[in-house]
Structure formats: structure tokens, C-alpha cells
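Below is one structure, written out as C-alpha cells, with a few remarks after it.
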Protein chains: 2
Amino acid sequence: MTATELARYIDHTMLKADAGPAEFDRLCDEAIRFGFRAVCVNSAWVQYVSRRLSDAGIAVCSVVGFPLGAMKSSAKAFEAKAAVADGAREIDMVLAVGAFKAGDAEYASDDIRWVREAIEPDTILKVIIETAMLSDDEKRAASALAANAGADFVKTCTGFGGGAASPEDIALMKDAAGPNVGVKASGGVRDYDTAMRMIDAGATRIGAVSSVAIMEGAGRCEE
Amino acid sequence: MTATELARYIDHTMLKADAGPAEFDRLCDEAIRFGFRAVCVNSAWVQYVSRRLSDAGIAVCSVVGFPLGAMKSSAKAFEAKAAVADGAREIDMVLAVGAFKAGDAEYASDDIRWVREAIEPDTILKVIIETAMLSDDEKRAASALAANAGADFVKTCTGFGGGAASPEDIALMKDAAGPNVGVKASGGVRDYDTAMRMIDAGATRIGAVSSVAIMEGAGRCEE
């Protein structure tokens, strides 16, 4: 895989509460320089980064109900729709982890459908299952549930709930979600070797804060 | 102060992503048993706890834009309005920390007004300024800004962004917010002595997960 190809796997991410225009300017500049697939931000910043990235061929991704997933479904749907209106073409929502773990699969599924129906059919929807809070059986069930509710991707971690992406979880989630759903590895993917292990395990997208470090590792491997 | 009086300072809190009905049942039962002022939950659980607490004289408080404060203003307003419709009588929203720290006081102020105007005038609005991310000057400015934008309380920490309430911050926030605005101490208030230090410094509300431990400490002091 060339560095250019690797860059198209990466959602370059900035979700810190105290990030401001300086951080988002840098995020966008780096995304343009390396040709990342998307930038991933909180919904308050979607309009700002969309303006900076217009015509750059880099998608804007907004998180929704983030990072706890315990926001009311109608509010997740509203936030997603508002983010799309501001320029987001991808939505990374958090599973209703508490309801799901308590056995209320119907609530967790309906929660995803609320968001799916609030956005355009061609808007990519990723569902973060927050692997650190789930057993392996729960990871499988959550991945299948998300796929059935209309997710385009299942995603490992928010980065705020502990844990990290692992090749084992990527393989498990890919198997459970089926061939038509992508898998995004996020949480603790901070260097080239880790990113490549995720892709080898089946990840079709990487979410990372340390995207530039990943690309620098790729550069060293090509030398 | 009697234990009964102390209990009326306490917002009994459960905000974990993976909390489910069992945790919220316990939260409500403890709130009734000790006579806490309110229970504080994520918006997905407001309807559930409101039903359990009907006629118990305990307010339901919903967090909004929690815990990052980087959700779009209109989405914070929607979430707050939906929570009130589900039974919330208090809203704890998170300041737009990133915009505020970057110097955009107008955005941070308008963000609060969006929520203030979306809820009933008698719904209590608290603004979490997330002290761990602010300098002392920023804490003062954020407290004054929140008061001017219609907050009934300023509040120290989300509990997810590091840091903890301190008597120094309580005094500083109380001074900056003025006499008509309450101060809620939250983050790291886990025992009776800490709770009393906050109240002595001027806190008019305590947010705690460990509310029962605080009350047990009060019981020992009365013996």
C-alpha cells in the first residue's frame, strides 16, 4: 500500500472539548497536505471546517451523541441533521450503550434508525459500539444490530471511554457486521505499525488524532 | 446543618455511558431515601427517572451537550427542550469551552441563550464551565458570561474532563457570577468533609456520584 492509499483510510480527528480555531485550522491543513479521507470533529465545528475544506476532496465527519451515547434519540437525530446541513457528509454516532447492555436491543436499534432517517441516504453513518464497555458477545450483537439498522460502518471506540482498537475486535466486528459494512478502527491508533495491523485485520477506515505520525511512519517504510 | 438540610444541596448523579435501568432504579431509590434535591442523568434517561420519581418531591436534572460542550448550539437547545418535555426541571449544560477559550465570548454567550430560550423560564439552568480547562481569569469571565446569559447556577466540572471542585474555585465563581446566581460544586466531591468545605466556600448545590457516602459522613457527625 502506498502512502497515498493509506491516507485515504484515515479520518483525521480532533474532538477535544477545548479545541478552537487554531486546532481546526491545523487539522484541515494537515488533511489537505496528506490527502486524508475525512476530518472528524464535534458538531459545533462542522461549519467551520467545511468552509476551510470546500473543494478539497476531503469529507467532513461529525460525531453525534458523543462520547456517551446516552443522549435522547430525537436529539441525536437533530444533531446529525444539523451537522449535515452544515456540510457533514459522514456521521459517527455513539450506540445507546446503557440500553443495549441492559438487553434493550430494540431501543438501541431504534436509536440508530432515528439518525439514519434524519440524514440523506448517501450520508455515511458509522456507529461507535465502544468496545471497552462490551463483552465479545455484546460486540458481535452490537455490530450486527448496527448493520441491520442501516449503519455503513461499525467503529470501535470513542477515545473517551477507555480501551483501544485491537485486531481481534476488528476481525470480530467485521465478521458480525457482514460484507456490506465497513469497520473503522479508532482509539489508540497512534503509529504506522498499529494502523497497518488494523487494516490487515479488516479495518476499512482508521480514526486517529496522530494521523501525521502514522503517515511519517509510512514514509519511512517507503524509503 | 442537619443531614436533612444537607441532602437538599445534593444532585445525586449517574452519567456513565453504560448505566442502565438497574443503576437508575438505585439512583432514584437512594434519592427518595435520603431526600436529595435532584437526580442528574443523561437526556436518554430523563423520562425513565421522571416516571419513577413522580410526586416524590425530587427534581430531575438533565445534562445537555455533555460532557464536551462542543455540540452545535441549536442541538443543545433541542436536547434541553426534549429533556424538559420528558420531565426535567433542571438543565446542566456545558459551556462552549473551545470557542470561549479562543476568545469568542459572543459565541459562548449565544450558545447559553439558545438553551435558555428553549426551556421554560422556571426551568433551572446551570452552566458547567469545566474549571480544569480554564485559567483563573477564564473561570471568572466564564462565570460572569454565564450569569449574564441567563444561567441560574454556574457549575465547576463535568467529571469527564479531569480536575475537581475546589473551595478556591467556588469562591472565585461565586464572586464573578454575582449574588443572584448559585454555584454548584461537582467533580471529586466524594465525602462529607469535602462537601462541607464546598458549602463553606459558598456552594449552593453539590453534584455527586457518592452522595450516599456523603450522607453517611453526615450521620456520623450527628451521632
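Every chain in the C-alpha cells has a letter given in the order shown (A, B, ...), and although residue numbers restart at 1 in each chain, ligands are simply numbered from 1 in the order shown.
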Exercise for review: Find the residues of chain A in contact range of chain B, meaning any atom within 6 Å when counting only C-alpha atoms, and list them as a list in words.
Suggested key: Ala17, Asp18, Ala19, Gly20, Asn42, Ser43, Ala44, Leu68, Ala70, Met71, Lys72, Ala75, Glu79, Val97, Gly98, Ala99 and Ala102 of chain A
Practice item. Could you give me, as a list in words, the residues within 9 Å of Asp193 (chain A), counting only C-alpha atoms and dropping anything in the same chain fewer than 4 positions from it? Key: Val189, Arg197, Met198, Ile214, Gly217 and Ala218 of chain A
**Study point:** Residues flagged strand (DSSP E) by DSSP in chain A, as a ChimeraX atom specification
**Key:** /A:10-14,38-41,59-64,90-94,124-128,153-155,182-186,205-208
Could those residues be written to a file, using N, CA, C and O atoms, as a compact mmCIF listing (two decimals), in the first residue's frame?
# COMPACT_ATOMS: atom_id res chain seq x y z
N ILE A 10 -7.80 7.28 6.36
CA ILE A 10 -7.71 7.98 7.65
C ILE A 10 -8.72 9.11 7.83
O ILE A 10 -8.78 10.04 7.01
N ASP A 11 -9.50 9.03 8.92
CA ASP A 11 -10.32 10.16 9.40
C ASP A 11 -9.46 10.92 10.41
O ASP A 11 -9.25 10.45 11.54
N HIS A 12 -9.00 12.07 10.01
CA HIS A 12 -8.11 12.88 10.86
C HIS A 12 -9.00 13.60 11.90
O HIS A 12 -9.92 14.33 11.52
N THR A 13 -8.70 13.40 13.17
CA THR A 13 -9.69 13.62 14.22
C THR A 13 -9.25 14.63 15.28
O THR A 13 -8.12 14.58 15.75
N MET A 14 -10.16 15.52 15.64
CA MET A 14 -9.94 16.47 16.74
C MET A 14 -11.25 16.65 17.48
O MET A 14 -12.18 17.30 16.97
N ALA A 38 -11.05 12.09 5.53
CA ALA A 38 -12.02 12.98 6.19
C ALA A 38 -11.37 13.67 7.38
O ALA A 38 -10.30 13.25 7.84
N VAL A 39 -12.01 14.72 7.86
CA VAL A 39 -11.71 15.23 9.19
C VAL A 39 -12.92 14.93 10.05
O VAL A 39 -14.06 14.97 9.57
N CYS A 40 -12.67 14.62 11.33
CA CYS A 40 -13.75 14.24 12.23
C CYS A 40 -13.75 15.19 13.42
O CYS A 40 -12.74 15.31 14.13
N VAL A 41 -14.88 15.89 13.61
CA VAL A 41 -14.98 16.95 14.63
C VAL A 41 -16.32 16.89 15.34
O VAL A 41 -17.25 16.20 14.90
N ALA A 59 -13.79 14.74 3.07
CA ALA A 59 -15.11 14.76 3.68
C ALA A 59 -15.05 15.33 5.09
O ALA A 59 -14.02 15.25 5.77
N VAL A 60 -16.17 15.91 5.52
CA VAL A 60 -16.30 16.34 6.91
C VAL A 60 -17.19 15.35 7.63
O VAL A 60 -18.28 15.02 7.14
N CYS A 61 -16.70 14.86 8.75
CA CYS A 61 -17.43 13.89 9.57
C CYS A 61 -17.75 14.53 10.92
O CYS A 61 -16.88 15.13 11.55
N SER A 62 -19.01 14.42 11.34
CA SER A 62 -19.41 14.94 12.66
C SER A 62 -19.74 13.79 13.59
O SER A 62 -20.45 12.86 13.20
N VAL A 63 -19.23 13.86 14.81
CA VAL A 63 -19.71 12.91 15.82
C VAL A 63 -21.07 13.38 16.31
O VAL A 63 -21.40 14.56 16.23
N VAL A 64 -21.85 12.44 16.83
CA VAL A 64 -23.22 12.72 17.29
C VAL A 64 -23.48 11.92 18.57
O VAL A 64 -23.10 10.75 18.67
N GLU A 90 -20.47 12.65 6.63
CA GLU A 90 -20.35 11.41 7.38
C GLU A 90 -20.74 11.72 8.83
O GLU A 90 -20.45 12.80 9.34
N ILE A 91 -21.41 10.76 9.47
CA ILE A 91 -21.86 10.92 10.85
C ILE A 91 -21.36 9.72 11.66
O ILE A 91 -21.62 8.58 11.30
N ASP A 92 -20.64 10.00 12.73
CA ASP A 92 -20.19 8.95 13.66
C ASP A 92 -20.99 9.06 14.95
O ASP A 92 -20.69 9.90 15.81
N MET A 93 -22.02 8.26 15.09
CA MET A 93 -22.87 8.31 16.29
C MET A 93 -22.43 7.24 17.29
O MET A 93 -21.85 6.23 16.92
N VAL A 94 -22.75 7.48 18.55
CA VAL A 94 -22.43 6.51 19.59
C VAL A 94 -23.67 5.67 19.90
O VAL A 94 -24.77 6.21 20.09
N ILE A 124 -22.79 8.94 4.95
CA ILE A 124 -22.23 7.73 5.56
C ILE A 124 -22.49 7.75 7.07
O ILE A 124 -22.21 8.75 7.74
N LEU A 125 -23.05 6.66 7.59
CA LEU A 125 -23.34 6.56 9.03
C LEU A 125 -22.46 5.48 9.66
O LEU A 125 -22.48 4.32 9.23
N LYS A 126 -21.69 5.90 10.66
CA LYS A 126 -20.87 4.96 11.42
C LYS A 126 -21.43 4.88 12.85
O LYS A 126 -21.83 5.90 13.41
N VAL A 127 -21.44 3.69 13.39
CA VAL A 127 -21.93 3.51 14.77
C VAL A 127 -20.78 3.04 15.65
O VAL A 127 -20.19 1.98 15.41
N ILE A 128 -20.47 3.85 16.64
CA ILE A 128 -19.39 3.54 17.59
C ILE A 128 -19.96 2.64 18.67
O ILE A 128 -20.87 3.06 19.41
N PHE A 153 -20.84 1.72 8.58
CA PHE A 153 -19.63 1.27 9.27
C PHE A 153 -19.97 0.97 10.73
O PHE A 153 -20.85 1.61 11.30
N VAL A 154 -19.24 0.03 11.32
CA VAL A 154 -19.18 -0.06 12.78
C VAL A 154 -17.78 0.38 13.19
O VAL A 154 -16.81 0.18 12.46
N LYS A 155 -17.70 1.01 14.35
CA LYS A 155 -16.47 1.68 14.78
C LYS A 155 -16.18 1.28 16.22
O LYS A 155 -17.11 1.13 17.01
N GLY A 182 -18.48 -1.50 6.55
CA GLY A 182 -17.07 -1.25 6.84
C GLY A 182 -16.79 -1.30 8.33
O GLY A 182 -17.71 -1.31 9.15
N VAL A 183 -15.51 -1.33 8.66
CA VAL A 183 -15.11 -1.30 10.07
C VAL A 183 -14.08 -0.19 10.25
O VAL A 183 -13.08 -0.14 9.52
N LYS A 184 -14.34 0.69 11.20
CA LYS A 184 -13.42 1.79 11.49
C LYS A 184 -12.71 1.51 12.81
O LYS A 184 -13.37 1.32 13.84
N ALA A 185 -11.39 1.48 12.74
CA ALA A 185 -10.57 1.28 13.94
C ALA A 185 -10.22 2.63 14.53
O ALA A 185 -9.59 3.45 13.87
N SER A 186 -10.63 2.86 15.76
CA SER A 186 -10.33 4.14 16.42
C SER A 186 -10.09 3.89 17.89
O SER A 186 -10.65 2.98 18.49
N ARG A 205 -11.35 1.71 7.56
CA ARG A 205 -11.16 3.13 7.91
C ARG A 205 -10.40 3.18 9.24
O ARG A 205 -10.59 2.29 10.08
N ILE A 206 -9.58 4.22 9.38
CA ILE A 206 -8.83 4.43 10.61
C ILE A 206 -9.21 5.81 11.16
O ILE A 206 -9.19 6.80 10.41
N GLY A 207 -9.56 5.88 12.43
CA GLY A 207 -9.78 7.18 13.07
C GLY A 207 -8.59 7.47 13.95
O GLY A 207 -8.22 6.63 14.77
N ALA A 208 -7.96 8.65 13.79
CA ALA A 208 -6.74 8.92 14.54
C ALA A 208 -6.54 10.40 14.77
O ALA A 208 -6.87 11.23 13.92
Review point. Could you name the residues that touch Arg116 (chain B) at 8 Å or less, counting only C-alpha atoms, but leaving out those on the same chain fewer than 2 positions away, as a VMD selection string?
Key: chain B and resid 77 112 to 114 118 to 121 125 149 to 151
Practice item. Using DSSP on the backbone, list every residue of region 48-99 of chain B that comes out as alpha helix (DSSP H), and give them as a PyMOL selection string. Key: chain B and resi 48-52+73-85+97-99
Write a file of the selected residues as a PDB file, in the first residue's frame, keeping N, CA and C atoms.
ATOM      1  N   TYR B  48     -37.386   8.021  32.006  1.00  0.00           N
ATOM      2  CA  TYR B  48     -37.372   6.852  32.906  1.00  0.00           C
ATOM      3  C   TYR B  48     -37.345   7.278  34.375  1.00  0.00           C
ATOM      4  N   VAL B  49     -36.423   8.166  34.721  1.00  0.00           N
ATOM      5  CA  VAL B  49     -36.339   8.566  36.141  1.00  0.00           C
ATOM      6  C   VAL B  49     -37.505   9.473  36.538  1.00  0.00           C
ATOM      7  N   SER B  50     -38.018  10.256  35.592  1.00  0.00           N
ATOM      8  CA  SER B  50     -39.174  11.119  35.909  1.00  0.00           C
ATOM      9  C   SER B  50     -40.375  10.287  36.330  1.00  0.00           C
ATOM     10  N   ARG B  51     -40.579   9.173  35.627  1.00  0.00           N
ATOM     11  CA  ARG B  51     -41.711   8.311  35.986  1.00  0.00           C
ATOM     12  C   ARG B  51     -41.535   7.711  37.370  1.00  0.00           C
ATOM     13  N   ARG B  52     -40.301   7.312  37.664  1.00  0.00           N
ATOM     14  CA  ARG B  52     -40.045   6.706  38.984  1.00  0.00           C
ATOM     15  C   ARG B  52     -40.154   7.709  40.117  1.00  0.00           C
ATOM     16  N   SER B  73     -25.066  24.692  18.927  1.00  0.00           N
ATOM     17  CA  SER B  73     -25.993  25.372  19.848  1.00  0.00           C
ATOM     18  C   SER B  73     -27.443  24.947  19.637  1.00  0.00           C
ATOM     19  N   SER B  74     -27.869  24.867  18.391  1.00  0.00           N
ATOM     20  CA  SER B  74     -29.268  24.504  18.137  1.00  0.00           C
ATOM     21  C   SER B  74     -29.552  23.088  18.628  1.00  0.00           C
ATOM     22  N   ALA B  75     -28.543  22.212  18.582  1.00  0.00           N
ATOM     23  CA  ALA B  75     -28.726  20.841  19.064  1.00  0.00           C
ATOM     24  C   ALA B  75     -28.781  20.815  20.595  1.00  0.00           C
ATOM     25  N   LYS B  76     -27.971  21.667  21.249  1.00  0.00           N
ATOM     26  CA  LYS B  76     -28.087  21.781  22.709  1.00  0.00           C
ATOM     27  C   LYS B  76     -29.498  22.247  23.077  1.00  0.00           C
ATOM     28  N   ALA B  77     -29.997  23.220  22.358  1.00  0.00           N
ATOM     29  CA  ALA B  77     -31.339  23.745  22.645  1.00  0.00           C
ATOM     30  C   ALA B  77     -32.399  22.668  22.444  1.00  0.00           C
ATOM     31  N   PHE B  78     -32.243  21.901  21.362  1.00  0.00           N
ATOM     32  CA  PHE B  78     -33.209  20.820  21.096  1.00  0.00           C
ATOM     33  C   PHE B  78     -33.173  19.782  22.211  1.00  0.00           C
ATOM     34  N   GLU B  79     -31.955  19.392  22.599  1.00  0.00           N
ATOM     35  CA  GLU B  79     -31.818  18.375  23.649  1.00  0.00           C
ATOM     36  C   GLU B  79     -32.449  18.867  24.954  1.00  0.00           C
ATOM     37  N   ALA B  80     -32.225  20.148  25.285  1.00  0.00           N
ATOM     38  CA  ALA B  80     -32.773  20.704  26.520  1.00  0.00           C
ATOM     39  C   ALA B  80     -34.297  20.708  26.492  1.00  0.00           C
ATOM     40  N   LYS B  81     -34.845  21.145  25.377  1.00  0.00           N
ATOM     41  CA  LYS B  81     -36.303  21.214  25.240  1.00  0.00           C
ATOM     42  C   LYS B  81     -36.920  19.815  25.341  1.00  0.00           C
ATOM     43  N   ALA B  82     -36.269  18.845  24.694  1.00  0.00           N
ATOM     44  CA  ALA B  82     -36.759  17.460  24.741  1.00  0.00           C
ATOM     45  C   ALA B  82     -36.690  16.909  26.160  1.00  0.00           C
ATOM     46  N   ALA B  83     -35.628  17.255  26.887  1.00  0.00           N
ATOM     47  CA  ALA B  83     -35.485  16.788  28.266  1.00  0.00           C
ATOM     48  C   ALA B  83     -36.589  17.382  29.148  1.00  0.00           C
ATOM     49  N   VAL B  84     -36.881  18.655  28.948  1.00  0.00           N
ATOM     50  CA  VAL B  84     -37.954  19.297  29.718  1.00  0.00           C
ATOM     51  C   VAL B  84     -39.295  18.624  29.399  1.00  0.00           C
ATOM     52  N   ALA B  85     -39.524  18.324  28.136  1.00  0.00           N
ATOM     53  CA  ALA B  85     -40.766  17.636  27.756  1.00  0.00           C
ATOM     54  C   ALA B  85     -40.866  16.266  28.426  1.00  0.00           C
ATOM     55  N   VAL B  97     -16.583  25.441  25.495  1.00  0.00           N
ATOM     56  CA  VAL B  97     -15.252  25.706  26.058  1.00  0.00           C
ATOM     57  C   VAL B  97     -14.254  26.138  24.979  1.00  0.00           C
ATOM     58  N   GLY B  98     -14.251  25.424  23.855  1.00  0.00           N
ATOM     59  CA  GLY B  98     -13.268  25.721  22.807  1.00  0.00           C
ATOM     60  C   GLY B  98     -13.429  27.123  22.248  1.00  0.00           C
ATOM     61  N   ALA B  99     -14.659  27.494  21.918  1.00  0.00           N
ATOM     62  CA  ALA B  99     -14.909  28.837  21.387  1.00  0.00           C
ATOM     63  C   ALA B  99     -14.574  29.892  22.439  1.00  0.00           C
TER      64      ALA B  99
END
Exercise for review: Could you check how far CA of Thr2 (chain B) sits from CA of Gly219 (chain B), in Å to one decimal?
Suggested key: 9.0 Å
Determine, for each residue of region 53-159 of chain A having at least one atom at most 8 Å from an atom of region 163-166 of chain A, the closest pair of atoms and their separation in Å to one decimal, counting only C-alpha atoms; order by chain and ascending number, as a Markdown table.
| residue | atom | partner | partner_atom | distance |
| --- | --- | --- | --- | --- |
| A:Thr131 | CA | A:Gly163 | CA | 7.2 |
| A:Ala132 | CA | A:Gly163 | CA | 4.9 |
| A:Thr156 | CA | A:Ala165 | CA | 5.9 |
| A:Cys157 | CA | A:Ala164 | CA | 6.5 |
| A:Gly159 | CA | A:Ala164 | CA | 7.3 |
Put those residues in a file: C-alpha atoms, as a compact mmCIF listing (two decimals), in the first residue's frame.
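Everything below was put into again03.txt:
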# COMPACT_ATOMS: atom_id res chain seq x y z
CA THR A 131 -15.72 -1.91 22.66
CA ALA A 132 -14.16 -1.32 26.08
CA THR A 156 -14.55 0.55 17.84
CA CYS A 157 -14.01 3.37 20.38
CA GLY A 159 -11.38 7.52 22.67
